[in-house]
Structure formats: structure tokens, C-alpha cells
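Trainee: Supplied structure: query_31.cif, mmCIF, C-alpha atoms.
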data_input
#
loop_
_atom_site.label_atom_id
_atom_site.label_comp_id
_atom_site.auth_asym_id
_atom_site.auth_seq_id
_atom_site.Cartn_x
_atom_site.Cartn_y
_atom_site.Cartn_z
CA MET A 1 -31.55 -35.17 -39.97
CA ASN A 2 -34.54 -35.82 -42.24
CA TYR A 3 -37.81 -36.54 -40.47
CA PRO A 4 -40.99 -38.09 -41.83
CA GLN A 5 -43.99 -35.82 -42.09
CA ILE A 6 -45.65 -36.07 -38.69
CA ARG A 7 -49.39 -35.40 -38.42
CA THR A 8 -50.55 -35.94 -34.85
CA LEU A 9 -53.80 -36.18 -32.94
CA GLN A 10 -53.05 -35.13 -29.36
CA ILE A 11 -55.54 -36.55 -26.83
CA GLY A 12 -55.53 -34.43 -23.66
CA ASN A 13 -57.54 -34.11 -20.47
CA ASP A 14 -58.97 -30.61 -19.86
CA TRP A 15 -58.02 -27.34 -21.54
CA PHE A 16 -55.64 -25.26 -19.42
CA GLY A 17 -57.54 -22.05 -20.13
CA GLU A 18 -60.61 -23.56 -18.46
CA ARG A 19 -59.11 -25.85 -15.82
CA GLN A 20 -55.59 -25.32 -14.56
CA GLY A 21 -53.23 -28.13 -13.65
CA GLY A 22 -49.80 -29.47 -14.46
CA LEU A 23 -50.89 -31.92 -17.15
CA ASN A 24 -53.13 -29.35 -18.80
CA ARG A 25 -50.40 -26.70 -18.86
CA PHE A 26 -47.90 -29.20 -20.29
CA TYR A 27 -50.36 -30.19 -23.01
CA SER A 28 -51.14 -26.63 -24.08
CA GLU A 29 -47.48 -25.60 -24.12
CA LEU A 30 -46.36 -28.67 -26.04
CA LEU A 31 -49.02 -28.09 -28.69
CA ARG A 32 -47.89 -24.48 -28.97
CA HIS A 33 -44.26 -25.41 -29.60
CA LEU A 34 -44.42 -28.64 -31.60
CA PRO A 35 -45.34 -26.89 -34.89
CA GLU A 36 -42.02 -25.00 -34.63
CA THR A 37 -40.31 -28.40 -35.03
CA GLY A 38 -42.34 -29.37 -38.08
CA VAL A 39 -44.94 -31.48 -36.27
CA ASN A 40 -48.55 -30.88 -37.29
CA VAL A 41 -50.94 -30.97 -34.33
CA ARG A 42 -54.65 -31.35 -33.81
CA GLY A 43 -55.92 -31.76 -30.28
CA MET A 44 -59.00 -32.88 -28.38
CA VAL A 45 -59.84 -32.24 -24.74
CA ALA A 46 -62.82 -32.16 -22.42
CA GLY A 47 -63.77 -28.53 -22.76
CA SER A 48 -66.29 -26.00 -24.01
CA ASN A 49 -66.98 -24.85 -27.55
CA SER A 50 -64.72 -21.87 -26.85
CA VAL A 51 -61.61 -24.05 -26.94
CA GLU A 52 -61.71 -24.44 -30.71
CA ARG A 53 -62.24 -20.71 -31.20
CA ASP A 54 -59.52 -19.73 -28.75
CA THR A 55 -56.98 -22.07 -30.39
CA ALA A 56 -57.83 -21.12 -33.98
CA GLY A 57 -59.18 -24.60 -34.62
CA VAL A 58 -56.12 -26.48 -33.36
CA VAL A 59 -57.84 -28.02 -30.30
CA THR A 60 -61.45 -29.19 -30.11
CA GLY A 61 -63.45 -29.40 -26.89
CA PHE A 62 -65.46 -32.57 -27.38
CA SER A 63 -67.58 -32.31 -24.20
CA SER A 64 -67.89 -30.39 -20.98
CA PRO A 65 -65.90 -32.13 -18.20
CA LYS A 66 -69.06 -31.83 -16.11
CA GLU A 67 -71.05 -34.09 -18.42
CA PRO A 68 -71.70 -37.68 -17.26
CA LEU A 69 -68.77 -39.96 -18.06
CA ILE A 70 -70.59 -42.04 -20.70
CA ARG A 71 -71.52 -38.90 -22.64
CA ARG A 72 -67.94 -37.66 -22.52
CA LEU A 73 -66.63 -40.98 -23.80
CA LEU A 74 -69.16 -41.12 -26.64
CA ALA A 75 -68.30 -37.54 -27.59
CA ALA A 76 -64.58 -38.34 -27.46
CA ARG A 77 -65.07 -41.27 -29.83
CA LYS A 78 -67.04 -39.18 -32.30
CA THR A 79 -64.65 -36.22 -32.22
CA GLY A 80 -61.52 -38.38 -32.31
CA THR A 81 -62.71 -40.42 -35.28
CA THR A 82 -63.51 -37.24 -37.20
CA LEU A 83 -60.19 -35.55 -36.45
CA LEU A 84 -58.19 -38.65 -37.34
CA ALA A 85 -59.76 -38.71 -40.80
CA GLU A 86 -59.58 -34.97 -41.46
CA GLN A 87 -55.79 -34.70 -41.59
CA ASN A 88 -54.88 -38.31 -42.40
CA THR A 89 -53.23 -38.62 -38.99
CA ASN A 90 -50.16 -40.85 -38.89
CA LEU A 91 -49.43 -40.66 -35.15
CA ILE A 92 -51.63 -40.53 -32.05
CA ALA A 93 -50.21 -38.95 -28.89
CA VAL A 94 -52.11 -39.80 -25.70
CA HIS A 95 -51.78 -37.58 -22.63
CA PHE A 96 -54.73 -38.92 -20.62
CA ALA A 97 -55.74 -42.58 -20.79
CA LEU A 98 -59.45 -42.12 -20.07
CA TYR A 99 -60.20 -40.23 -23.26
CA ALA A 100 -58.16 -42.62 -25.39
CA ILE A 101 -60.31 -45.59 -24.32
CA PRO A 102 -63.06 -44.86 -26.91
CA LEU A 103 -60.38 -44.84 -29.63
CA LEU A 104 -58.66 -48.13 -28.74
CA GLY A 105 -59.46 -49.53 -32.17
CA HIS A 106 -57.57 -46.67 -33.79
CA LEU A 107 -54.66 -47.10 -31.37
CA ARG A 108 -54.23 -50.60 -32.80
CA LYS A 109 -53.96 -49.25 -36.36
CA VAL A 110 -52.17 -45.90 -35.98
CA PRO A 111 -48.68 -45.61 -34.42
CA THR A 112 -49.16 -44.34 -30.88
CA VAL A 113 -47.00 -42.52 -28.35
CA VAL A 114 -48.23 -42.29 -24.76
CA HIS A 115 -47.12 -39.33 -22.66
CA PHE A 116 -47.14 -40.76 -19.14
CA HIS A 117 -47.93 -37.87 -16.78
CA GLY A 118 -48.45 -40.06 -13.75
CA PRO A 119 -50.26 -43.14 -12.45
CA TRP A 120 -53.86 -41.93 -12.56
CA SER A 121 -55.18 -44.91 -10.58
CA ALA A 122 -52.53 -44.65 -7.85
CA GLU A 123 -53.11 -40.91 -7.45
CA SER A 124 -56.83 -41.55 -7.03
CA GLY A 125 -56.09 -44.16 -4.38
CA VAL A 126 -53.90 -41.77 -2.41
CA GLU A 127 -56.69 -39.20 -2.47
CA GLY A 128 -59.13 -41.65 -0.92
CA HIS A 129 -61.06 -42.96 -3.93
CA SER A 130 -62.46 -46.49 -3.63
CA SER A 131 -60.21 -49.45 -4.37
CA LEU A 132 -62.72 -50.59 -7.02
CA SER A 133 -62.48 -47.23 -8.77
CA SER A 134 -58.68 -47.38 -8.68
CA ARG A 135 -58.69 -50.92 -10.13
CA VAL A 136 -60.97 -49.87 -12.98
CA GLN A 137 -58.75 -46.88 -13.71
CA LYS A 138 -55.64 -49.05 -13.73
CA SER A 139 -57.30 -51.45 -16.18
CA MET A 140 -58.04 -48.56 -18.53
CA GLU A 141 -54.48 -47.28 -18.19
CA GLN A 142 -53.13 -50.76 -18.92
CA LEU A 143 -55.18 -51.01 -22.11
CA VAL A 144 -53.91 -47.68 -23.40
CA TYR A 145 -50.28 -48.03 -22.34
CA SER A 146 -50.01 -51.46 -23.94
CA ARG A 147 -50.88 -49.86 -27.30
CA GLY A 148 -48.00 -47.39 -27.17
CA GLN A 149 -45.04 -48.15 -29.45
CA ARG A 150 -43.21 -45.55 -27.37
CA LEU A 151 -44.02 -44.10 -23.96
CA ILE A 152 -42.57 -40.75 -22.90
CA VAL A 153 -41.90 -40.18 -19.19
CA LEU A 154 -40.93 -37.00 -17.36
CA SER A 155 -38.44 -38.69 -15.05
CA GLN A 156 -36.65 -41.91 -14.23
CA ALA A 157 -39.02 -42.25 -11.29
CA PHE A 158 -41.96 -42.45 -13.70
CA GLN A 159 -40.08 -44.88 -15.93
CA LYS A 160 -39.72 -47.20 -12.95
CA ILE A 161 -43.48 -47.00 -12.29
CA LEU A 162 -44.31 -47.81 -15.91
CA VAL A 163 -42.01 -50.80 -15.94
CA GLU A 164 -42.80 -52.21 -12.50
CA ARG A 165 -46.47 -51.29 -12.04
CA TYR A 166 -47.71 -51.60 -15.62
CA GLY A 167 -45.26 -54.13 -17.06
CA ILE A 168 -44.13 -51.91 -19.94
CA PRO A 169 -40.87 -53.10 -21.52
CA GLU A 170 -38.09 -50.69 -20.64
CA ASP A 171 -36.88 -50.44 -24.24
CA ARG A 172 -40.15 -48.76 -25.23
CA VAL A 173 -39.77 -45.93 -22.70
CA ARG A 174 -38.10 -42.59 -23.50
CA LEU A 175 -37.28 -39.78 -21.05
CA VAL A 176 -38.28 -36.23 -22.01
CA PRO A 177 -38.56 -33.82 -19.05
CA GLY A 178 -41.15 -31.10 -18.63
CA GLY A 179 -40.65 -27.68 -20.16
CA ILE A 180 -40.85 -24.08 -19.03
CA ASP A 181 -41.73 -20.82 -20.77
CA SER A 182 -38.63 -19.11 -19.40
CA ALA A 183 -39.47 -15.72 -20.90
CA ARG A 184 -42.89 -15.65 -19.24
CA PHE A 185 -41.48 -16.41 -15.79
CA ASN A 186 -38.71 -13.83 -16.04
CA ASP A 187 -40.65 -10.62 -15.36
CA ARG A 188 -37.44 -8.74 -14.43
CA LEU A 189 -38.87 -7.31 -11.22
CA THR A 190 -36.73 -7.08 -8.11
CA ARG A 191 -37.97 -9.06 -5.13
CA GLN A 192 -39.08 -5.85 -3.41
CA GLU A 193 -40.92 -4.62 -6.52
CA ALA A 194 -42.71 -7.95 -6.84
CA ARG A 195 -43.83 -7.81 -3.20
CA ILE A 196 -45.10 -4.26 -3.55
CA ARG A 197 -47.08 -5.24 -6.65
CA LEU A 198 -48.72 -8.12 -4.76
CA GLY A 199 -49.17 -6.25 -1.48
CA TRP A 200 -46.90 -8.67 0.38
CA PRO A 201 -44.71 -7.59 3.34
CA THR A 202 -41.34 -6.19 2.32
CA ASP A 203 -39.66 -6.68 5.70
CA ARG A 204 -40.12 -10.43 6.30
CA PRO A 205 -38.51 -13.54 4.79
CA ILE A 206 -41.15 -15.27 2.70
CA VAL A 207 -41.36 -18.97 1.85
CA LEU A 208 -43.88 -19.87 -0.87
CA ALA A 209 -45.55 -23.24 -1.55
CA VAL A 210 -47.65 -23.36 -4.73
CA ARG A 211 -49.55 -26.60 -4.46
CA ARG A 212 -52.90 -28.18 -5.10
CA GLN A 213 -54.06 -28.69 -1.53
CA MET A 214 -54.39 -32.46 -1.50
CA LYS A 215 -53.11 -35.25 0.74
CA ARG A 216 -49.98 -36.32 -1.12
CA MET A 217 -48.62 -32.77 -1.48
CA GLY A 218 -47.10 -32.72 2.02
CA LEU A 219 -48.57 -29.40 3.10
CA GLU A 220 -49.53 -30.78 6.52
CA ASN A 221 -45.85 -31.55 7.13
CA LEU A 222 -44.89 -28.04 6.05
CA VAL A 223 -47.35 -26.52 8.52
CA ASP A 224 -46.04 -28.75 11.28
CA ALA A 225 -42.46 -27.83 10.36
CA ALA A 226 -43.39 -24.16 10.64
CA ARG A 227 -43.77 -24.56 14.40
CA GLN A 228 -40.04 -25.26 14.67
CA VAL A 229 -39.05 -22.68 12.07
CA VAL A 230 -40.89 -19.88 13.88
CA GLN A 231 -38.96 -20.59 17.08
CA LYS A 232 -35.66 -19.83 15.29
CA VAL A 233 -36.90 -17.32 12.70
CA PRO A 234 -39.86 -15.53 14.34
CA GLU A 235 -40.30 -13.07 11.48
CA VAL A 236 -40.81 -15.77 8.81
CA LEU A 237 -43.95 -15.84 6.66
CA ILE A 238 -44.95 -19.05 4.87
CA LEU A 239 -47.57 -18.60 2.15
CA LEU A 240 -49.59 -21.55 0.84
CA ALA A 241 -50.91 -20.73 -2.62
CA GLY A 242 -53.56 -22.97 -4.13
CA SER A 243 -56.85 -24.62 -3.31
CA GLY A 244 -58.24 -28.09 -2.89
CA PRO A 245 -60.04 -30.51 -0.58
CA LEU A 246 -57.42 -30.10 2.16
CA SER A 247 -57.81 -26.31 2.56
CA SER A 248 -60.13 -26.37 5.56
CA GLU A 249 -58.01 -28.96 7.37
CA LEU A 250 -54.88 -26.90 6.75
CA GLN A 251 -56.54 -23.79 8.15
CA GLN A 252 -57.57 -25.68 11.27
CA ARG A 253 -54.04 -27.03 11.64
CA ILE A 254 -52.57 -23.53 11.38
CA ALA A 255 -54.96 -22.26 14.06
CA ALA A 256 -54.32 -25.23 16.35
CA HIS A 257 -50.58 -24.49 16.22
CA GLY A 258 -51.12 -20.76 16.75
CA LEU A 259 -49.41 -19.97 13.46
CA GLN A 260 -51.94 -17.49 12.03
CA ASP A 261 -49.31 -14.74 11.83
CA HIS A 262 -46.73 -16.99 10.21
CA VAL A 263 -48.55 -19.38 7.86
CA LYS A 264 -51.30 -18.09 5.58
CA LEU A 265 -53.50 -19.69 2.93
CA ILE A 266 -53.69 -17.15 0.08
CA GLY A 267 -55.88 -19.16 -2.28
CA ARG A 268 -55.22 -19.81 -5.94
CA VAL A 269 -52.87 -17.29 -7.51
CA ASP A 270 -54.09 -16.10 -10.90
CA ASP A 271 -51.96 -17.55 -13.68
CA ALA A 272 -50.95 -14.06 -14.83
CA ASP A 273 -49.63 -13.27 -11.34
CA LEU A 274 -47.78 -16.53 -10.80
CA PRO A 275 -44.36 -15.36 -12.06
CA THR A 276 -44.58 -12.32 -9.77
CA ALA A 277 -45.51 -14.51 -6.80
CA TYR A 278 -42.50 -16.75 -7.31
CA ARG A 279 -40.25 -13.73 -7.76
CA ALA A 280 -41.55 -12.14 -4.54
CA ALA A 281 -40.52 -15.12 -2.38
CA ASP A 282 -37.06 -15.69 -0.93
CA MET A 283 -37.49 -19.37 -1.68
CA SER A 284 -40.21 -21.81 -2.63
CA VAL A 285 -40.72 -25.29 -1.25
CA VAL A 286 -42.20 -28.50 -2.68
CA PRO A 287 -42.85 -30.82 0.31
CA SER A 288 -44.44 -33.69 -1.66
CA GLN A 289 -44.94 -37.01 0.12
CA ALA A 290 -45.78 -39.30 -2.81
CA LEU A 291 -46.27 -39.66 -6.58
CA GLU A 292 -44.42 -36.56 -7.73
CA GLY A 293 -43.20 -37.49 -11.18
CA PHE A 294 -41.56 -34.23 -12.13
CA GLY A 295 -42.89 -31.12 -10.44
CA MET A 296 -43.38 -28.33 -12.97
CA ILE A 297 -43.48 -25.82 -10.14
CA THR A 298 -39.78 -26.42 -9.57
CA LEU A 299 -39.03 -25.05 -13.03
CA GLU A 300 -41.48 -22.19 -12.62
CA SER A 301 -39.73 -21.09 -9.44
CA LEU A 302 -36.24 -21.40 -10.90
CA ALA A 303 -37.18 -19.56 -14.10
CA SER A 304 -38.48 -16.75 -11.88
CA GLY A 305 -35.07 -16.56 -10.21
CA THR A 306 -36.24 -18.09 -6.95
CA PRO A 307 -34.50 -21.14 -5.41
CA VAL A 308 -36.68 -24.13 -4.61
CA LEU A 309 -36.33 -26.77 -1.89
CA VAL A 310 -37.77 -30.22 -2.63
CA THR A 311 -38.35 -33.50 -0.86
CA PRO A 312 -36.59 -36.61 -2.25
CA VAL A 313 -39.82 -37.89 -3.83
CA GLY A 314 -40.28 -39.17 -7.38
CA GLY A 315 -38.64 -37.03 -10.03
CA LEU A 316 -38.08 -33.95 -7.84
CA PRO A 317 -34.45 -34.72 -6.94
CA GLU A 318 -33.72 -35.58 -10.59
CA VAL A 319 -34.46 -31.98 -11.50
CA ILE A 320 -32.74 -30.25 -8.59
CA THR A 321 -29.74 -32.42 -7.67
CA PRO A 322 -27.64 -31.69 -10.80
CA PHE A 323 -28.08 -27.98 -10.09
CA ALA A 324 -28.23 -27.59 -6.30
CA PRO A 325 -28.08 -30.84 -4.30
CA GLU A 326 -28.08 -28.80 -1.10
CA CYS A 327 -31.71 -27.85 -1.89
CA VAL A 328 -33.00 -31.42 -1.65
CA PHE A 329 -34.31 -32.46 1.80
CA SER A 330 -32.77 -35.71 3.03
CA SER A 331 -36.24 -37.10 3.79
CA THR A 332 -39.91 -36.09 3.94
CA GLU A 333 -39.90 -35.87 7.75
CA THR A 334 -41.16 -32.69 9.44
CA GLU A 335 -37.95 -32.24 11.43
CA VAL A 336 -35.80 -32.48 8.31
CA ILE A 337 -37.93 -29.91 6.48
CA ALA A 338 -37.76 -27.54 9.42
CA GLU A 339 -33.99 -27.90 9.87
CA LEU A 340 -33.11 -27.09 6.26
CA LEU A 341 -35.53 -24.16 6.11
CA ILE A 342 -33.98 -22.73 9.28
CA ASP A 343 -30.45 -23.13 7.92
CA PHE A 344 -31.24 -21.25 4.71
CA LEU A 345 -33.31 -18.56 6.43
CA LEU A 346 -30.52 -17.88 8.95
CA GLY A 347 -27.85 -17.90 6.25
CA LYS A 348 -26.08 -20.98 7.58
CA ARG A 349 -26.35 -22.34 4.04
CA THR A 350 -26.24 -20.30 0.85
CA LEU A 351 -29.09 -20.40 -1.63
CA PRO A 352 -28.34 -20.41 -5.38
CA SER A 353 -28.43 -16.93 -6.93
CA SER A 354 -31.31 -15.72 -9.08
CA GLU A 355 -29.04 -15.72 -12.13
CA ARG A 356 -28.00 -19.35 -11.59
CA CYS A 357 -31.61 -20.40 -11.11
CA ARG A 358 -32.78 -18.75 -14.32
CA SER A 359 -29.87 -20.01 -16.40
CA TYR A 360 -30.36 -23.60 -15.33
CA ALA A 361 -34.10 -23.58 -16.07
CA THR A 362 -33.65 -21.88 -19.46
CA ASP A 363 -30.70 -23.91 -20.73
CA LYS A 364 -32.05 -27.33 -19.78
CA PHE A 365 -35.83 -27.04 -19.87
CA SER A 366 -37.01 -24.29 -22.24
CA TRP A 367 -39.92 -25.41 -24.39
CA PRO A 368 -38.09 -25.27 -27.75
CA VAL A 369 -35.59 -27.80 -26.33
CA ILE A 370 -38.33 -30.07 -24.99
CA ALA A 371 -40.41 -29.85 -28.19
CA ARG A 372 -37.42 -31.00 -30.28
CA MET A 373 -36.82 -33.93 -27.94
CA THR A 374 -40.50 -34.90 -28.25
CA ARG A 375 -40.39 -34.67 -32.05
CA ASP A 376 -37.41 -37.02 -32.07
CA VAL A 377 -39.42 -39.66 -30.17
CA TYR A 378 -42.34 -39.23 -32.57
CA ALA A 379 -40.02 -39.62 -35.55
CA GLU A 380 -38.44 -42.74 -34.04
CA THR A 381 -41.92 -44.22 -33.57
CA LEU A 382 -42.73 -43.69 -37.24
CA GLY A 383 -39.40 -45.18 -38.27
#
In C-alpha cells, write the structure found in this file.
Mentor:
Amino acid sequence: MNYPQIRTLQIGNDWFGERQGGLNRFYSELLRHLPETGVNVRGMVAGSNSVERDTAGVVTGFSSPKEPLIRRLLAARKTGTTLLAEQNTNLIAVHFALYAIPLLGHLRKVPTVVHFHGPWSAESGVEGHSSLSSRVQKSMEQLVYSRGQRLIVLSQAFQKILVERYGIPEDRVRLVPGGIDSARFNDRLTRQEARIRLGWPTDRPIVLAVRRQMKRMGLENLVDAARQVVQKVPEVLILLAGSGPLSSELQQRIAAHGLQDHVKLIGRVDDADLPTAYRAADMSVVPSQALEGFGMITLESLASGTPVLVTPVGGLPEVITPFAPECVFSSTETEVIAELLIDFLLGKRTLPSSERCRSYATDKFSWPVIARMTRDVYAETLG
């Protein structure tokens, strides 16, 4: 198939090398793989001057994310206008609505694709931000999304949100799932070797939850479920990797339940060690309670050869059900989480093998596959 020449400006949030997160990882990986499909990319993010140097000029950090909002927006407008002119951009790809607001005039003139990574305003509301703040954020999202000739979602769950919450016509929405660097997450260590490298126990079943420690992630339910799990599997060790505003509350909850020997907060795992951490666990768990559009950590775990159990929230079951429906909890309730964990830990149910996990992640979600799907949407937008 012949494609038009595609010259994109990719508007992101933060740079993954400076601030980790699912959106930021997706953005950096997509920009790395799109050129292999013939798509020219220039990017802009809130980041330091080092971003441009570290990406050989592909991505520009227009402002520190710590700068006051008005300064960031003014800097985004200046940088975006310059980059659009430099390469005669013929398509704008928006990954974060806030930093597209200063370029709304250009979004009216240049074909635009919006990558919908989640309802920013709704996520803020769940985390306790003011209703006024959430309404302002939704208004900004609405302005940007309405400019998109095409909107790319990670899951059918996110498509439903776009259509019902933001009034986007369904025929403008395209589904392209998240991607995984399958080679990076396959470090070829045995589970025992991975545990030795990390200094983890080699004689206990280990359940790993890699999560930003925030309200909607369901970690409180996982800690509560651990009380029941420990009664049936007293040697179990549940490791909570990550950080966030909920960390202190989680630690207090663990202590209140007397689970200090069974549930441990291990802090943020360095990105270089993440594949080893997944590989070291017998299984990982994603106990999300709300607004989980895709769940990149599911692919990271599978690509590492480690089965993952997920709650039936958002796009999580869309990823796991075609592969291992037995690994999807029937609800988000504590008792349900505990029961399924116990069944797998005691061998009453059989987990998918490491080989099956890796094959599924690689065949369906490797970045070259996802980059080609994204290019096809861009090409469709340009006609």
C-alpha cells in the first residue's frame, strides 16, 4: 500500500527519561518505532534542555514541568509553532491535551490525531482534586478532542468513555492497543536467578504489584485480601513496587493487619531492574478499581514470562481474556481477589506457562506491530 509522506509533530506530556509513567513510556517508545514505518517525527514535552540532546534533536523539552502553568503554556506555544514550521508538518498527534491548548489555532488548520490515554479530568477527580479543577480540565480536553479528525484509543473501554463522556462520534475513533518492547523484558533469567540478583527470597511464593500508589489502583484491597491469603498460604510474600501519595496509608494498613512479614512496600523499582522484578515473581497482580484504560504493566509482566491477574476494570480484561480468561477476577471485591490468589498459589488452578505468556505479548503487542497500526491511522487521516 502506498502512503502519503507523513511529517508529524507529537505533543507529549513529560519525557520518560525524566519522569516515569505509562503515558510517557508509550510516547517515547512510539516515537522510537514510528520512523521504521516511514513516519517522520518531531516531539515536544515538558522537560529539561537535556531532552533534545538525549534524543538527537527529535524531541524538544519546551519547559520544566515545575514551572508555573502559564509559563509552560507560553513555552509550549512558542516551541510548537517553531517546530510546525521547521519541517512543514502535515499531521499533529496529541498525547496530552493540556499542552495542545496553546496550539488550538494550528489544530484547526493541520490534520490532527488525538491519542486518548485516559480521561485526565476524571482521573484527577478520583484522586481528590477539586470539582472546579476537574471541570476546567474536561473543558480543555473537550476543546482538543473536538479538533481530532481521528482519535486513537487503547481499548474499547476508552472508546466508550470518548463517545459517552466527551460526545465524540464513534466513526472517528480507532483502536490501537499499547505496545511492549518484548526483547527488553525477556532477560532469559530463571525465576531463581532473578530472585538472587534482586536479593529476594528463593523459598517463598512471591506476588508482585507494580503500581503507582494512588487511590484508584486498588492496592488497599490487595492488602486487605492478603489477610485471607496468609491464612491459607502462610509462606506467601506480596511485594508492592512503586511510590505515590498512598504509600504511608498502605504501610499503616499493613501494620494494622499484622502483615509486615507478608506484605512489603519496596519502593520504585529502577526501570533497568523492572524486567528482572517481573521475572522473579510467581505472578503479578493488577487490582485496579477504576479508570484503567489498558494497563501497560500487564504486557510487561507477560513479556517477562510472568502470568498476571487483573480486575475486570476498563481495558484490563480486553488484554487478558483472549489469552487467559481464568486470570481475570470476577469482581474488584477483596474476597474475590483473595480467593483467586489462594487457588493459584495452592495449585488448584494452573497458571499460564512462561512460554505462553511471552508468545502472546510478542505476537500481539510488540512495538513494530503497534507502530504500523498507528501509521495506518495517520495515513487514513491524511486521506
Trainee: Expand the PyMOL selection byres ((chain A and resi 102) around 10) into the explicit residue set it covers here, and present it as a PyMOL selection string.
Mentor: chain A and resi 72-78+80-81+97-101+103-107
Trainee: Between atom CA of Glu36 of chain A and atom CA of Pro111 of chain A, what is the distance in Å, rounded to a tenth?
Mentor: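 Separation of atom CA of Glu36 of chain A and atom CA of Pro111 of chain A: 21.7 Å.
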Trainee: List, as a list in words, every residue that the PyMOL selection byres ((chain A and resi 308) around 10) selects in the file provided.
Mentor: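 That selection, the PyMOL selection byres ((chain A and resi 308) around 10), comes back as Val207, Leu208, Ala209, Tyr278, Asp282, Met283, Ser284, Val285, Val286, Ile297, Thr298, Leu299, Glu300, Ser301, Leu302, Gly305, Thr306, Pro307, Leu309, Val310, Ile320, Ala324, Cys327, Val328, Leu351, Pro352 and Cys357 of chain A.
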Trainee: What is the distance, in Å and to one decimal place, between atom CA of Gln149 of chain A and atom CA of Thr112 of chain A?
Mentor: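 Computed distance, atom CA of Gln149 of chain A to atom CA of Thr112 of chain A, equals 5.8 Å.
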Trainee: Name all residues at most 7 Å from Val41 of chain A (count all atoms listed in the file; drop same-chain ones fewer than 5 positions away) and give them as a ChimeraX atom specification.
Mentor: /A:7-10,31,35,58
Trainee: Using the chain letters and numbering of this document, enumerate as a PyMOL selection string the residues selected by the PyMOL selection byres ((chain A and resi 260) around 12).
Mentor: chain A and resi 223+226-227+230+236-239+250-259+261-265
Trainee: What's around segment 188-202 of chain A at 10 Å? Count all atoms listed in the file, leave out sequence neighbours fewer than 2 positions away in its own chain, and write the answer as an MDAnalysis selection string.
Mentor: chainID A and resid 183 185:186 204:206 237 273 275:282 304:306
Trainee: Find, counting all atoms listed in the file, the residue in A:Glu292, A:Glu141, A:Glu333, A:Asp181 that gets nearest to Leu162 of chain A.
Mentor: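 When distances to Leu162 of chain A are compared using all atoms listed in the file, the smallest one comes from A:Glu141.
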Trainee: Tell me which of A:Val313, A:Val336, A:Val319, A:Leu274 sits closest to Asp187 of chain A, counting all atoms listed in the file.
Mentor: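 Going through A:Val313, A:Val336, A:Val319, A:Leu274 one by one, the smallest distance to Asp187 of chain A is for A:Leu274.
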Trainee: Give me the residues near Lys232 of chain A as a list in words, where near means some atom within 12 Å (using all atoms listed in the file) and where sequence neighbours in that chain fewer than 2 positions away do not count.
Mentor: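 Everything that qualifies: Ala225, Ala226, Arg227, Gln228, Val229, Val230, Pro234, Glu235, Val236, Ala338, Glu339, Leu340, Leu341, Ile342, Asp343, Phe344, Leu345 and Leu346 of chain A.
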Trainee: Restrict the selected residues to C-alpha atoms and save them as a PDB file, in the coordinates of the input.
Mentor:
ATOM      1  CA  ALA A 225     -42.460 -27.830  10.360  1.00  0.00           C
ATOM      2  CA  ALA A 226     -43.390 -24.160  10.640  1.00  0.00           C
ATOM      3  CA  ARG A 227     -43.770 -24.560  14.400  1.00  0.00           C
ATOM      4  CA  GLN A 228     -40.040 -25.260  14.670  1.00  0.00           C
ATOM      5  CA  VAL A 229     -39.050 -22.680  12.070  1.00  0.00           C
ATOM      6  CA  VAL A 230     -40.890 -19.880  13.880  1.00  0.00           C
ATOM      7  CA  PRO A 234     -39.860 -15.530  14.340  1.00  0.00           C
ATOM      8  CA  GLU A 235     -40.300 -13.070  11.480  1.00  0.00           C
ATOM      9  CA  VAL A 236     -40.810 -15.770   8.810  1.00  0.00           C
ATOM     10  CA  ALA A 338     -37.760 -27.540   9.420  1.00  0.00           C
ATOM     11  CA  GLU A 339     -33.990 -27.900   9.870  1.00  0.00           C
ATOM     12  CA  LEU A 340     -33.110 -27.090   6.260  1.00  0.00           C
ATOM     13  CA  LEU A 341     -35.530 -24.160   6.110  1.00  0.00           C
ATOM     14  CA  ILE A 342     -33.980 -22.730   9.280  1.00  0.00           C
ATOM     15  CA  ASP A 343     -30.450 -23.130   7.920  1.00  0.00           C
ATOM     16  CA  PHE A 344     -31.240 -21.250   4.710  1.00  0.00           C
ATOM     17  CA  LEU A 345     -33.310 -18.560   6.430  1.00  0.00           C
ATOM     18  CA  LEU A 346     -30.520 -17.880   8.950  1.00  0.00           C
TER      19      LEU A 346
END
Trainee: Can you work out the spacing between atom CA of Thr55 of chain A and atom CA of Asn90 of chain A in Å, to one decimal?
Mentor: 21.7 Å
Trainee: Need to verify the contact set: Asn49 of chain A, 10 Å, only C-alpha atoms, exclusion of same-chain residues closer than 3 positions in sequence. Can you return it as an MDAnalysis selection string?
Mentor: chainID A and resid 46 52:54 60:64
Trainee: Taking all atoms listed in the file into account, which of A:Val45, A:Leu316, A:Ile266, A:Val153 comes nearest Val176 of chain A?
Mentor: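 Nearest to Val176 of chain A: A:Val153.
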Trainee: Which one is closest to Ala379 of chain A: A:Ala56, A:Val113, A:Ile70, A:Ala157? Count only C-alpha atoms.
Mentor: A:Val113
Trainee: Which residue is closest to His117 of chain A? Choose from A:Arg25, A:Arg268, A:Arg135, A:Arg375 and count all atoms listed in the file.
Mentor: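 Among the listed residues, the smallest separation from His117 of chain A belongs to A:Arg25.
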